[in-house]
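Content type mmCIF, C-alpha atoms and all ligand atoms, from the file work-v6.cif:
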```cif
data_model
loop_
_atom_site.label_atom_id
_atom_site.label_comp_id
_atom_site.auth_asym_id
_atom_site.auth_seq_id
_atom_site.Cartn_x
_atom_site.Cartn_y
_atom_site.Cartn_z
CA MET D 1 -63.51 16.07 7.93
CA THR D 2 -60.66 13.67 7.21
CA GLN D 3 -58.96 11.45 9.75
CA LYS D 4 -55.87 13.66 9.49
CA GLU D 5 -57.80 16.82 10.31
CA VAL D 6 -59.46 15.10 13.26
CA LEU D 7 -56.05 14.15 14.72
CA LYS D 8 -54.60 17.60 14.11
CA ASP D 9 -57.57 19.21 15.76
CA ARG D 10 -57.33 16.84 18.67
CA SER D 11 -53.86 17.95 19.88
CA MET D 12 -54.58 21.63 19.26
CA VAL D 13 -57.92 21.49 20.97
CA LEU D 14 -56.45 19.52 23.85
CA GLN D 15 -53.74 22.11 24.45
CA LYS D 16 -56.17 25.01 24.30
CA GLU D 17 -58.58 23.31 26.67
CA MET D 18 -55.96 22.30 29.20
CA ILE D 19 -54.49 25.81 29.34
CA ALA D 20 -57.95 27.35 29.78
CA ARG D 21 -58.75 24.86 32.57
CA HIS D 22 -55.46 25.63 34.29
CA PHE D 23 -56.08 29.38 34.29
CA ASP D 24 -59.65 28.85 35.57
CA ARG D 25 -58.33 26.67 38.33
CA LEU D 26 -55.70 29.27 39.20
CA GLU D 27 -58.36 31.95 39.45
CA GLN D 28 -60.33 29.77 41.85
CA ALA D 29 -57.25 28.64 43.78
CA PRO D 30 -57.60 31.08 46.71
CA ALA D 31 -61.29 30.15 47.18
CA ASN D 32 -60.47 26.42 46.88
CA HIS D 33 -57.45 26.72 49.19
CA GLU D 34 -55.15 25.39 46.49
CA PRO D 35 -51.61 26.65 47.02
CA VAL D 36 -49.84 28.44 44.17
CA VAL D 37 -46.11 28.36 43.42
CA TYR D 38 -44.49 30.73 40.95
CA THR D 39 -41.45 29.30 39.18
CA PHE D 40 -39.52 29.65 35.87
CA VAL D 41 -39.29 27.36 32.84
CA PRO D 42 -35.58 26.38 32.91
CA GLY D 43 -35.11 24.00 35.82
CA ASN D 44 -38.76 24.00 36.83
CA LEU D 45 -39.62 21.41 39.50
CA THR D 46 -43.17 20.89 38.33
CA GLU D 47 -43.44 17.26 39.51
CA LEU D 48 -42.33 18.28 43.01
CA ILE D 49 -44.73 21.24 43.07
CA ARG D 50 -47.59 19.02 41.89
CA SER D 51 -46.72 16.37 44.48
CA PHE D 52 -47.63 18.95 47.13
CA GLY D 53 -50.98 19.57 45.44
CA ALA D 54 -49.83 23.05 44.41
CA LEU D 55 -50.41 24.78 41.06
CA PRO D 56 -47.51 26.28 39.12
CA VAL D 57 -47.50 29.77 37.55
CA LEU D 58 -44.70 30.58 35.06
CA PRO D 59 -44.24 34.34 34.69
CA GLU D 60 -42.17 34.19 31.52
CA ILE D 61 -44.87 32.16 29.76
CA ASN D 62 -47.40 34.84 30.69
CA ALA D 63 -45.01 37.49 29.33
CA LEU D 64 -44.43 35.69 26.04
CA GLN D 65 -48.16 35.20 25.57
CA ALA D 66 -48.67 38.93 26.14
CA GLY D 67 -46.05 39.43 23.41
CA MET D 68 -47.92 37.16 21.01
CA ARG D 69 -51.12 39.09 21.72
CA LYS D 70 -49.22 42.33 20.99
CA ILE D 71 -50.03 43.85 24.37
CA SER D 72 -46.53 43.57 25.88
CA GLY D 73 -45.42 47.05 24.66
CA ASP D 74 -47.77 48.83 27.09
CA PHE D 75 -46.69 46.66 30.02
CA ILE D 76 -43.02 47.33 29.23
CA ALA D 77 -43.69 51.08 29.02
CA GLU D 78 -45.43 50.91 32.41
CA ALA D 79 -42.39 49.17 33.94
CA GLU D 80 -40.00 51.68 32.38
CA ARG D 81 -42.07 54.56 33.79
CA ALA D 82 -41.65 52.88 37.18
CA GLY D 83 -37.87 53.16 36.72
CA HIS D 84 -36.74 49.89 35.06
CA SER D 85 -34.04 50.50 32.49
CA GLU D 86 -34.41 49.94 28.74
CA ASP D 87 -31.70 47.27 28.96
CA VAL D 88 -33.51 45.05 31.47
CA CYS D 89 -34.87 41.74 30.13
CA ALA D 90 -38.17 42.51 28.41
CA TYR D 91 -39.85 39.48 30.01
CA VAL D 92 -39.26 40.99 33.45
CA LYS D 93 -40.64 44.39 32.48
CA CYS D 94 -43.63 42.85 30.74
CA ASP D 95 -44.42 40.73 33.80
CA LEU D 96 -44.02 43.65 36.22
CA GLY D 97 -46.26 45.78 34.00
CA MET D 98 -48.84 42.97 34.00
CA VAL D 99 -48.71 42.75 37.79
CA LYS D 100 -49.25 46.52 38.09
CA ALA D 101 -52.19 46.25 35.70
CA GLY D 102 -53.99 43.75 37.93
CA ASN D 103 -52.19 40.46 37.14
CA ILE D 104 -54.64 39.26 34.52
CA SER D 105 -53.62 36.01 32.81
CA PRO D 106 -53.38 35.63 29.01
CA ALA D 107 -56.75 33.85 29.24
CA GLY D 108 -58.32 36.96 30.81
CA THR D 109 -58.65 35.40 34.26
CA LYS D 110 -57.17 36.80 37.45
CA LEU D 111 -53.88 35.25 38.53
CA PRO D 112 -53.61 34.47 42.25
CA LYS D 113 -50.80 35.71 44.44
CA PRO D 114 -48.00 33.22 45.04
CA ASP D 115 -47.81 31.23 48.26
CA LEU D 116 -44.17 30.60 47.39
CA LEU D 117 -41.64 31.84 44.84
CA LEU D 118 -39.50 28.83 43.90
CA LEU D 119 -36.40 29.93 42.05
CA SER D 120 -34.33 27.25 40.33
CA TYR D 121 -31.21 29.11 39.37
CA THR D 122 -30.10 27.65 36.03
CA GLY D 123 -27.60 30.13 34.70
CA CYS D 124 -29.54 33.38 34.33
CA TYR D 125 -28.91 36.03 36.98
CA THR D 126 -31.97 37.98 35.82
CA PHE D 127 -34.26 35.30 37.23
CA MET D 128 -32.91 36.07 40.69
CA LYS D 129 -33.51 39.82 40.40
CA TRP D 130 -36.97 39.15 38.92
CA PHE D 131 -38.08 37.13 41.94
CA GLU D 132 -36.55 39.70 44.32
CA LEU D 133 -38.91 42.23 42.75
CA LEU D 134 -41.89 39.86 42.97
CA ARG D 135 -41.05 39.08 46.59
CA GLU D 136 -41.24 42.81 47.36
CA GLU D 137 -44.48 43.07 45.44
CA TYR D 138 -46.22 40.12 47.12
CA ASP D 139 -44.41 40.04 50.44
CA CYS D 140 -44.38 36.23 50.22
CA PRO D 141 -41.79 33.55 51.02
CA ALA D 142 -39.15 32.62 48.44
CA VAL D 143 -36.78 29.69 48.20
CA PHE D 144 -33.60 29.61 46.17
CA PHE D 145 -32.41 26.37 44.56
CA HIS D 146 -28.90 26.79 43.26
CA VAL D 147 -28.07 24.69 40.19
CA PRO D 148 -24.30 24.74 39.57
CA TYR D 149 -23.34 25.87 36.08
CA GLN D 150 -21.94 23.09 33.88
CA GLY D 151 -18.65 24.97 33.53
CA ASP D 152 -16.70 21.87 32.49
CA GLY D 153 -19.46 20.47 30.33
CA ALA D 154 -20.72 17.82 32.75
CA LEU D 155 -22.58 17.47 36.01
CA GLU D 156 -20.01 16.69 38.69
CA PRO D 157 -21.05 14.14 41.38
CA GLU D 158 -20.48 16.68 44.16
CA HIS D 159 -22.72 19.18 42.38
CA ARG D 160 -25.43 16.57 42.14
CA ALA D 161 -25.11 15.77 45.86
CA TYR D 162 -25.20 19.52 46.63
CA MET D 163 -28.48 19.89 44.71
CA ILE D 164 -30.09 16.88 46.37
CA LYS D 165 -29.09 18.31 49.76
CA GLN D 166 -30.72 21.64 48.90
CA LEU D 167 -33.88 19.86 47.77
CA LYS D 168 -34.06 17.97 51.07
CA GLU D 169 -33.06 20.76 53.39
CA GLN D 170 -34.48 23.88 51.75
CA VAL D 171 -36.85 23.36 48.86
CA ILE D 172 -38.99 20.57 50.36
CA PRO D 173 -39.30 22.27 53.78
CA ALA D 174 -40.31 25.53 52.03
CA LEU D 175 -42.98 23.66 50.03
CA GLU D 176 -44.21 21.92 53.20
CA LEU D 177 -44.57 25.27 54.93
CA ALA D 178 -46.27 27.00 51.98
CA THR D 179 -48.72 24.17 51.25
CA GLY D 180 -49.31 22.71 54.73
CA ARG D 181 -48.60 19.20 53.35
CA LYS D 182 -45.90 16.69 54.10
CA TYR D 183 -43.49 15.53 51.41
CA ASP D 184 -44.81 12.34 49.82
CA GLU D 185 -42.18 10.54 47.75
CA GLU D 186 -44.66 8.09 46.23
CA ARG D 187 -46.69 10.98 44.84
CA LEU D 188 -43.53 12.48 43.40
CA ARG D 189 -42.65 9.13 41.76
CA HIS D 190 -46.12 9.02 40.23
CA HIS D 191 -45.68 12.44 38.63
CA LEU D 192 -42.17 11.55 37.41
CA THR D 193 -43.52 8.40 35.74
CA LEU D 194 -46.04 10.50 33.84
CA SER D 195 -43.28 12.96 32.84
CA ALA D 196 -41.14 10.21 31.31
CA ARG D 197 -44.07 8.97 29.21
CA ALA D 198 -44.75 12.41 27.76
CA GLU D 199 -41.01 12.94 27.19
CA ASP D 200 -40.80 9.78 25.05
CA ASP D 201 -43.57 11.06 22.82
CA LEU D 202 -42.09 14.56 22.61
CA VAL D 203 -38.72 13.16 21.50
CA ALA D 204 -40.39 11.09 18.77
CA VAL D 205 -42.01 14.31 17.55
CA LEU D 206 -38.73 16.27 17.62
CA GLN D 207 -36.81 13.54 15.82
CA SER D 208 -39.41 13.23 13.08
CA ALA D 209 -37.67 16.30 11.59
CA LYS D 210 -34.88 13.99 10.37
CA GLN D 211 -37.23 12.92 7.60
CA ARG D 212 -37.68 14.64 4.25
CA PRO D 213 -39.92 16.50 4.09
CA SER D 214 -39.87 17.23 7.78
CA PRO D 215 -43.42 16.84 9.14
CA ILE D 216 -42.76 19.50 11.80
CA ASP D 217 -41.11 22.87 12.06
CA GLY D 218 -38.52 22.36 14.79
CA TYR D 219 -38.65 25.97 16.00
CA PHE D 220 -41.78 27.95 15.14
CA GLY D 221 -44.09 24.94 15.37
CA THR D 222 -42.19 23.30 18.19
CA VAL D 223 -42.46 26.24 20.58
CA TYR D 224 -46.14 25.27 20.71
CA TYR D 225 -45.33 21.58 21.14
CA VAL D 226 -43.02 22.15 24.11
CA GLY D 227 -45.47 24.54 25.81
CA PRO D 228 -47.22 21.93 28.03
CA ILE D 229 -44.05 20.05 29.01
CA PHE D 230 -42.11 23.24 29.78
CA SER D 231 -44.86 24.69 31.92
CA ALA D 232 -47.60 23.41 34.19
CA PHE D 233 -48.33 20.04 32.59
CA ARG D 234 -45.21 17.93 32.88
CA GLY D 235 -46.00 15.01 35.17
CA THR D 236 -49.77 15.20 34.63
CA GLU D 237 -52.27 12.89 32.91
CA GLU D 238 -53.28 15.80 30.68
CA GLY D 239 -49.67 16.17 29.56
CA VAL D 240 -49.42 12.47 28.71
CA GLU D 241 -52.63 12.62 26.71
CA TYR D 242 -51.52 15.73 24.83
CA TYR D 243 -48.17 14.27 23.76
CA ARG D 244 -49.74 10.98 22.70
CA ALA D 245 -52.20 12.84 20.47
CA LEU D 246 -49.47 15.09 19.10
CA ARG D 247 -47.22 12.16 18.26
CA GLU D 248 -50.06 10.38 16.44
CA GLU D 249 -50.79 13.51 14.47
CA VAL D 250 -47.13 14.04 13.49
CA GLU D 251 -46.58 10.38 12.60
CA GLU D 252 -49.58 10.53 10.35
CA ARG D 253 -48.22 13.60 8.57
CA ALA D 254 -44.83 11.90 8.18
CA ALA D 255 -46.40 8.73 6.76
CA ALA D 256 -48.32 10.83 4.24
CA GLY D 257 -45.17 12.70 3.21
CA LEU D 258 -46.56 16.03 4.38
CA GLY D 259 -44.69 19.00 5.82
CA PRO D 260 -45.79 21.04 8.84
CA ILE D 261 -48.72 23.42 8.99
CA VAL D 262 -47.25 26.93 8.65
CA PRO D 263 -48.88 30.41 8.35
CA ASP D 264 -49.76 29.81 4.67
CA GLY D 265 -50.80 26.16 4.77
CA SER D 266 -48.73 22.99 4.57
CA LEU D 267 -44.99 23.35 3.86
CA ASP D 268 -44.56 20.17 1.82
CA GLU D 269 -41.92 21.51 -0.56
CA GLN D 270 -38.88 22.35 1.55
CA ARG D 271 -35.92 24.11 -0.06
CA TYR D 272 -33.76 24.74 2.96
CA ARG D 273 -33.34 22.81 6.19
CA LEU D 274 -32.13 25.02 9.02
CA VAL D 275 -31.10 24.90 12.67
CA VAL D 276 -31.97 27.94 14.82
CA GLU D 277 -30.27 29.20 17.97
CA GLY D 278 -31.97 31.70 20.29
CA PRO D 279 -35.57 32.51 21.26
CA PRO D 280 -38.05 33.87 18.70
CA SER D 281 -39.49 37.36 18.63
CA TRP D 282 -42.93 36.82 20.16
CA THR D 283 -44.37 40.20 19.18
CA HIS D 284 -43.81 39.45 15.47
CA PHE D 285 -44.00 35.70 15.61
CA ARG D 286 -46.00 35.03 12.44
CA ASP D 287 -44.25 37.77 10.50
CA PHE D 288 -40.88 36.27 11.46
CA TRP D 289 -42.02 32.72 10.66
CA LYS D 290 -43.30 33.82 7.25
CA MET D 291 -39.85 35.15 6.34
CA PHE D 292 -38.71 31.52 6.48
CA THR D 293 -41.72 29.85 4.90
CA ASP D 294 -41.82 32.39 2.01
CA GLU D 295 -38.42 30.95 1.08
CA LYS D 296 -39.63 27.39 1.72
CA ALA D 297 -37.27 27.06 4.65
CA VAL D 298 -38.12 24.61 7.39
CA VAL D 299 -36.39 24.53 10.76
CA VAL D 300 -35.37 20.98 11.60
CA ALA D 301 -33.96 21.61 15.09
CA SER D 302 -33.49 24.48 17.53
CA THR D 303 -31.82 25.14 20.83
CA TYR D 304 -34.52 27.35 22.31
CA THR D 305 -36.91 24.41 22.39
CA LYS D 306 -34.46 22.80 24.87
CA VAL D 307 -34.50 25.55 27.54
CA GLY D 308 -36.98 23.50 29.53
CA GLY D 309 -35.13 20.20 29.07
CA THR D 310 -32.80 18.42 26.66
CA TYR D 311 -34.76 15.20 26.28
CA ASP D 312 -33.57 14.43 22.76
CA PHE D 313 -30.11 13.60 24.14
CA GLY D 314 -31.54 10.79 26.23
CA PHE D 315 -32.51 12.32 29.56
CA ARG D 316 -35.83 11.13 31.03
CA HIS D 317 -37.21 11.85 34.49
CA ASN D 318 -36.51 8.70 36.51
CA PRO D 319 -39.06 7.76 39.21
CA ALA D 320 -36.55 5.30 40.73
CA ASP D 321 -34.34 8.21 41.81
CA PRO D 322 -36.81 11.03 42.49
CA LEU D 323 -34.56 13.80 43.85
CA GLY D 324 -31.47 12.81 41.86
CA THR D 325 -33.45 12.96 38.63
CA LEU D 326 -34.67 16.47 39.44
CA ALA D 327 -31.04 17.52 39.93
CA ASP D 328 -30.04 15.90 36.60
CA TYR D 329 -32.91 17.59 34.83
CA CYS D 330 -32.13 21.08 36.13
CA SER D 331 -28.45 20.76 35.38
CA GLY D 332 -29.07 19.74 31.77
CA CYS D 333 -31.34 22.64 30.77
CA TYR D 334 -29.92 24.56 27.84
CA THR D 335 -29.41 27.80 29.79
CA ASN D 336 -27.13 25.92 32.20
CA LEU D 337 -24.79 24.58 29.50
CA ASN D 338 -21.43 26.17 28.74
CA LEU D 339 -20.53 27.54 25.31
CA PRO D 340 -18.62 24.44 24.08
CA SER D 341 -21.67 22.29 24.92
CA ARG D 342 -23.93 24.68 23.03
CA ILE D 343 -21.56 24.56 20.04
CA ASP D 344 -21.59 20.74 20.20
CA MET D 345 -25.37 20.70 20.30
CA ILE D 346 -25.79 22.97 17.27
CA SER D 347 -23.08 21.13 15.31
CA ASN D 348 -24.68 17.76 16.11
CA TYR D 349 -28.08 19.03 15.01
CA ILE D 350 -26.63 20.24 11.72
CA ARG D 351 -25.07 16.83 11.10
CA ASP D 352 -27.90 14.60 12.39
CA TYR D 353 -30.71 16.57 10.75
CA GLU D 354 -28.73 17.23 7.55
CA ALA D 355 -29.20 20.98 7.76
CA ASP D 356 -28.15 23.36 4.98
CA GLY D 357 -27.52 26.22 7.39
CA PHE D 358 -28.15 27.74 10.80
CA VAL D 359 -29.55 31.03 11.99
CA ILE D 360 -28.76 32.79 15.26
CA ASN D 361 -31.48 35.13 16.49
CA SER D 362 -29.68 37.28 19.03
CA ILE D 363 -32.04 38.77 21.60
CA LYS D 364 -31.24 42.32 22.65
CA SER D 365 -32.45 42.08 26.23
CA CYS D 366 -31.47 38.46 26.97
CA ASN D 367 -27.85 38.53 28.01
CA SER D 368 -28.03 34.96 29.16
CA PHE D 369 -28.64 33.62 25.67
CA SER D 370 -26.83 36.26 23.64
CA ALA D 371 -23.42 36.32 25.32
CA GLY D 372 -20.97 34.38 23.17
CA GLN D 373 -23.25 33.92 20.16
CA LEU D 374 -20.78 35.43 17.66
CA MET D 375 -18.14 33.00 18.92
CA ILE D 376 -20.70 30.18 18.58
CA LEU D 377 -21.35 31.28 14.98
CA ARG D 378 -17.68 31.14 14.03
CA GLU D 379 -17.01 27.86 15.80
CA VAL D 380 -20.01 26.06 14.33
CA GLU D 381 -19.12 27.31 10.84
CA LYS D 382 -15.54 26.12 11.30
CA ARG D 383 -16.54 22.74 12.61
CA THR D 384 -19.36 21.91 10.19
CA GLY D 385 -18.43 23.90 7.09
CA VAL D 386 -22.04 25.12 7.06
CA PRO D 387 -22.59 28.90 6.92
CA GLY D 388 -24.58 30.73 9.57
CA ALA D 389 -26.72 33.87 9.59
CA PHE D 390 -26.85 36.32 12.47
CA ILE D 391 -29.93 38.47 13.08
CA GLU D 392 -31.08 40.56 16.03
CA SER D 393 -34.48 41.19 17.58
CA ASP D 394 -36.12 41.02 20.99
CA LEU D 395 -38.48 38.74 22.88
CA VAL D 396 -41.49 40.86 23.74
CA ASP D 397 -40.32 44.43 23.16
CA PRO D 398 -41.88 45.42 19.82
CA ARG D 399 -39.46 48.36 19.44
CA TYR D 400 -36.64 45.98 18.54
CA PHE D 401 -38.07 44.14 15.58
CA SER D 402 -36.97 45.64 12.29
CA HIS D 403 -38.88 43.80 9.57
CA ALA D 404 -36.83 45.23 6.68
CA ASN D 405 -33.44 44.55 8.26
CA ILE D 406 -34.23 40.97 9.21
CA LYS D 407 -35.89 40.17 5.90
CA ASN D 408 -32.98 41.61 3.90
CA ARG D 409 -30.47 39.68 5.89
CA LEU D 410 -32.38 36.41 5.58
CA GLU D 411 -32.92 36.92 1.85
CA SER D 412 -29.21 37.43 1.23
CA TYR D 413 -28.49 34.42 3.39
CA PHE D 414 -30.80 32.20 1.34
CA GLN D 415 -29.21 33.54 -1.86
CA MET D 416 -25.84 32.57 -0.49
CA LEU D 417 -27.08 29.06 0.28
CA ASP D 418 -28.30 28.86 -3.32
CA SER D 419 -24.97 29.93 -4.75
CA ARG D 420 -23.17 27.42 -2.55
CA ARG D 421 -25.44 24.74 -3.94
CA ARG D 422 -24.61 25.80 -7.44
CA GLY D 423 -20.97 25.91 -6.39
CA ALA D 424 -20.63 29.26 -8.17
CA GLY D 425 -18.21 31.38 -6.18
CA ALA D 426 -20.26 31.84 -3.05
CA PRO D 427 -19.29 34.72 -0.77
CA SER D 428 -17.69 33.61 2.46
CA ALA D 429 -20.08 32.44 5.12
CA HIS D 430 -18.82 34.92 7.65
CA ALA D 431 -19.21 37.87 5.28
CA ALA D 432 -22.87 37.03 4.79
CA ALA D 433 -23.43 36.42 8.44
CA VAL D 434 -22.27 39.83 9.57
CA ALA D 435 -23.22 41.86 6.51
S1 LIG D 501 -32.41 37.37 30.45
FE1 LIG D 501 -33.02 35.72 29.01
S2 LIG D 501 -32.86 33.79 30.14
FE2 LIG D 501 -32.85 35.48 31.63
S3 LIG D 501 -34.98 35.74 32.23
FE3 LIG D 501 -34.65 37.16 30.55
S4 LIG D 501 -35.22 35.98 28.71
FE4 LIG D 501 -34.97 34.49 30.37
#
```

So, in terms of structure tokens, how does the structure I just supplied come out?
Ligand code: SF4
Amino acid sequence: MTQKEVLKDRSMVLQKEMIARHFDRLEQAPANHEPVVYTFVPGNLTELIRSFGALPVLPEINALQAGMRKISGDFIAEAERAGHSEDVCAYVKCDLGMVKAGNISPAGTKLPKPDLLLLSYTGCYTFMKWFELLREEYDCPAVFFHVPYQGDGALEPEHRAYMIKQLKEQVIPALELATGRKYDEERLRHHLTLSARAEDDLVAVLQSAKQRPSPIDGYFGTVYYVGPIFSAFRGTEEGVEYYRALREEVEERAAAGLGPIVPDGSLDEQRYRLVVEGPPSWTHFRDFWKMFTDEKAVVVASTYTKVGGTYDFGFRHNPADPLGTLADYCSGCYTNLNLPSRIDMISNYIRDYEADGFVINSIKSCNSFSAGQLMILREVEKRTGVPGAFIESDLVDPRYFSHANIKNRLESYFQMLDSRRRGAGAPSAHAAAVA
């Protein structure tokens, strides 16, 4: 085995092991009297939860993993039989179906009931309704942390003060009650210090995509890379170790001039560099990815990999200002940004990562992400002069992935990029995008 393979194995093995350990620990949590807090990825307060010695559970991660294992369709059908409409977010229905089926984790272990539902509200109304349903199911306490929407494109000082007040007066008391522990600011600072270290390494990995060839895929590969930091492992020693190993592995690939590992091997020859907006389809993840790699297209940056934090624009958790930094973090999550900020982000990625194009994957059941995407498409095209493609699928509902439609649309999009390169009377970007 070469040195490169050893390093690659190390980060993959580490991630697999740490997830398995976490699910084992969750299964044993009731017996070990370890409190459990359910929360969501955007605006998660993992360092605060950990500072109370509690273990986080992230329902949408469990739903997406069910999608990747192709078992989400049955859970969704179960939820629809129980009366949830076809239009409801598929994550919610998948999670509710999983709960009804015994709340078994993706690792096959039993998930414990929550001692607290901690809802950080970062722009998606569905999260609120989801936890209302779980509160009925578990008859457990819930606390609501309201993160003001960045309507004017920035976090206003009074909004920051409002969030810190809520943390002090509502969230921390709710955690004290649920866990039986007092708030310990030094412990919180410790976890925040670990977060910032892992965030530095993650950003180095994300920005490696500026190179040619890119040593990573900034969407399909990066959804794995952000997994630990978006879920239970931000602010932990395991998280720090994982991101150090990952960075070493990626830097080694970059130094060797190698592309990322993709479904068919190593994508060293890269014909198109793309930016992607929107979540992937988890039920057809590899199939979807292959539609890009078959054309030798690499994704150099994506917005979805920022739903749990926009670290590549400079934010780091700051242990010197423990509650203020949590407010800053929550406010900056991608789902909490207004449309002009999202347009800026995509346009900047196209410029900074020298992308040839961008693809919007519009998710049928995710109104939060999908609203305004056609306007985003037009604005980004106008501002950058780079053409976009618009496709539609769903997160974990397998009924809404049409292989032929998506493949046809992507193929014509790549043909258009080719003709633009040749400068031979390319069709207009918008015509291809909505064809
Ligand atoms: S609607 Fe979208 S953002 Fe909201 S919970 Fe569902 S997937 Fe997440």

Please return the centre and edge lengths, in Å to one decimal, of a box with edges along x, y and z that contains all listed atoms of ligand LIG 501 (chain D), widened by 3 Å on every side, as AutoDock Vina command-line options.
```
--center_x -33.8 --center_y 35.6 --center_z 30.5 --size_x 8.8 --size_y 9.6 --size_z 9.5
```

**Prompt:** Nearest to ligand LIG 501 (chain D): which of D:Val386, D:Cys89, D:Leu117, D:Leu258 is it, counting all atoms listed in the file?
**Reply:** D:Cys89

**Message:** At a cut-off of 6 Å around ligand LIG 501 (chain D), and using all atoms listed in the file, what residues come up? Please write them as a list in words.
**Reply:**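 Listing the residues within 6 Å of ligand LIG 501 (chain D) gives Cys89, Tyr91, Cys124, Thr126, Phe127, Cys366, Asn367, Ser368 and Phe369 of chain D.
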
**Message:** as a ChimeraX atom specification, please: the residues near Val92 of chain D (cut-off 9 Å, all atoms listed in the file, same-chain neighbours under 6 positions excluded).
**Reply:** /D:59-60,63,76,79,126-127,130

**Prompt:** Any idea what's packed within 12 Å of Met98 of chain D, counting all atoms listed in the file, ignoring anything in its chain fewer than 4 positions away? Could you give it as a ChimeraX atom specification?
**Reply:** /D:59-60,62-67,71-79,91-94,102-106,108,110-111,134

**Selected residue of minimal separation from Arg197 of chain D among D:Arg383, D:Arg351, D:Lys210, D:Arg234, counting all atoms listed in the file** =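 Between D:Arg383, D:Arg351, D:Lys210, D:Arg234, the residue approaching Arg197 of chain D most closely is D:Arg234.
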
**Top pick for closest residue to Leu267 of chain D, considering D:Tyr243, D:Phe292, D:Phe390, D:Tyr183 and counting all atoms listed in the file** =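 Smallest distance to Leu267 of chain D is found for D:Phe292.
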
**Request:** Go ahead and compute the interatomic distance for atom CA of Met291 of chain D and atom CA of Gly227 of chain D, in Å to one decimal.
**Result:**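 Those two atoms sit 22.9 Å apart.
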
**Message:** Between D:His84, D:His22, D:Arg181, D:Arg342, which residue has the minimum interatomic distance to Ile376 of chain D, considering all atoms listed in the file?
**Reply:** D:Arg342

**Item:** Top pick for closest residue to Glu354 of chain D, considering D:Tyr272, D:Tyr311, D:Phe414, D:Tyr400 and counting only C-alpha atoms
**Value:** D:Tyr272

**Prompt:** So how far away is atom CA of Val37 of chain D from atom CA of Asp95 of chain D, in Å?
**Reply:** 15.8 Å

**Request:** Measure the distance from atom CA of Leu395 of chain D to atom CA of Tyr121 of chain D in Å and round it to one decimal.
**Result:**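 Here the two named atoms are 20.4 Å from each other.
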
**Request:** Kindly indicate which residue among D:His317, D:Arg10, D:Lys364, D:Lys306 lies nearest to Cys333 of chain D, using all atoms listed in the file for the distances.
**Result:**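 When distances to Cys333 of chain D are compared using all atoms listed in the file, the smallest one comes from D:Lys306.
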
**Message:** Can you tell me which residues surround segment 17-19 of chain D at a distance of at most 9 Å, considering only C-alpha atoms, apart from same-chain residues fewer than 6 positions away, and format the answer as a PyMOL selection string?
**Reply:** chain D and resi 107+228+232-233+238-239

**Asked** Neighbours of segment 168-170 of chain D within 10 Å (all atoms listed in the file; same-chain residues fewer than 3 positions away dropped), as a VMD selection string?
**Response** chain D and resid 143 to 145 163 to 165 173 to 175 183 323

Near-Leu133 of chain D list (9 Å; only C-alpha atoms; drop same-chain fewer than 5 positions) as a PDB file with C-alpha atoms, in the frame of the given file:
```pdb
ATOM      1  CA  LEU D  96     -44.020  43.650  36.220  1.00  0.00           C
ATOM      2  CA  MET D 128     -32.910  36.070  40.690  1.00  0.00           C
ATOM      3  CA  TYR D 138     -46.220  40.120  47.120  1.00  0.00           C
TER       4      TYR D 138
END
```

Could you give me segment 329-335 of chain D completed to N, CA, C and O atoms, formatted as a PDB file, in the frame of the given file?
```
ATOM      1  N   TYR D 329     -32.094  16.816  35.759  1.00  0.00           N
ATOM      2  CA  TYR D 329     -32.910  17.590  34.830  1.00  0.00           C
ATOM      3  C   TYR D 329     -32.492  19.064  34.830  1.00  0.00           C
ATOM      4  O   TYR D 329     -32.245  19.660  33.778  1.00  0.00           O
ATOM      5  N   CYS D 330     -32.429  19.644  36.025  1.00  0.00           N
ATOM      6  CA  CYS D 330     -32.130  21.080  36.130  1.00  0.00           C
ATOM      7  C   CYS D 330     -30.751  21.382  35.538  1.00  0.00           C
ATOM      8  O   CYS D 330     -30.562  22.374  34.834  1.00  0.00           O
ATOM      9  N   SER D 331     -29.805  20.512  35.837  1.00  0.00           N
ATOM     10  CA  SER D 331     -28.450  20.760  35.380  1.00  0.00           C
ATOM     11  C   SER D 331     -28.344  20.736  33.856  1.00  0.00           C
ATOM     12  O   SER D 331     -27.527  21.437  33.268  1.00  0.00           O
ATOM     13  N   GLY D 332     -29.181  19.927  33.220  1.00  0.00           N
ATOM     14  CA  GLY D 332     -29.070  19.740  31.770  1.00  0.00           C
ATOM     15  C   GLY D 332     -29.846  20.737  30.933  1.00  0.00           C
ATOM     16  O   GLY D 332     -29.781  20.683  29.704  1.00  0.00           O
ATOM     17  N   CYS D 333     -30.577  21.669  31.569  1.00  0.00           N
ATOM     18  CA  CYS D 333     -31.340  22.640  30.770  1.00  0.00           C
ATOM     19  C   CYS D 333     -30.381  23.507  29.950  1.00  0.00           C
ATOM     20  O   CYS D 333     -29.272  23.822  30.402  1.00  0.00           O
ATOM     21  N   TYR D 334     -30.814  23.893  28.794  1.00  0.00           N
ATOM     22  CA  TYR D 334     -29.920  24.560  27.840  1.00  0.00           C
ATOM     23  C   TYR D 334     -29.239  25.798  28.427  1.00  0.00           C
ATOM     24  O   TYR D 334     -28.074  26.056  28.168  1.00  0.00           O
ATOM     25  N   THR D 335     -29.982  26.568  29.237  1.00  0.00           N
ATOM     26  CA  THR D 335     -29.410  27.800  29.790  1.00  0.00           C
ATOM     27  C   THR D 335     -28.265  27.505  30.762  1.00  0.00           C
ATOM     28  O   THR D 335     -27.494  28.395  31.106  1.00  0.00           O
TER      29      THR D 335
END
```
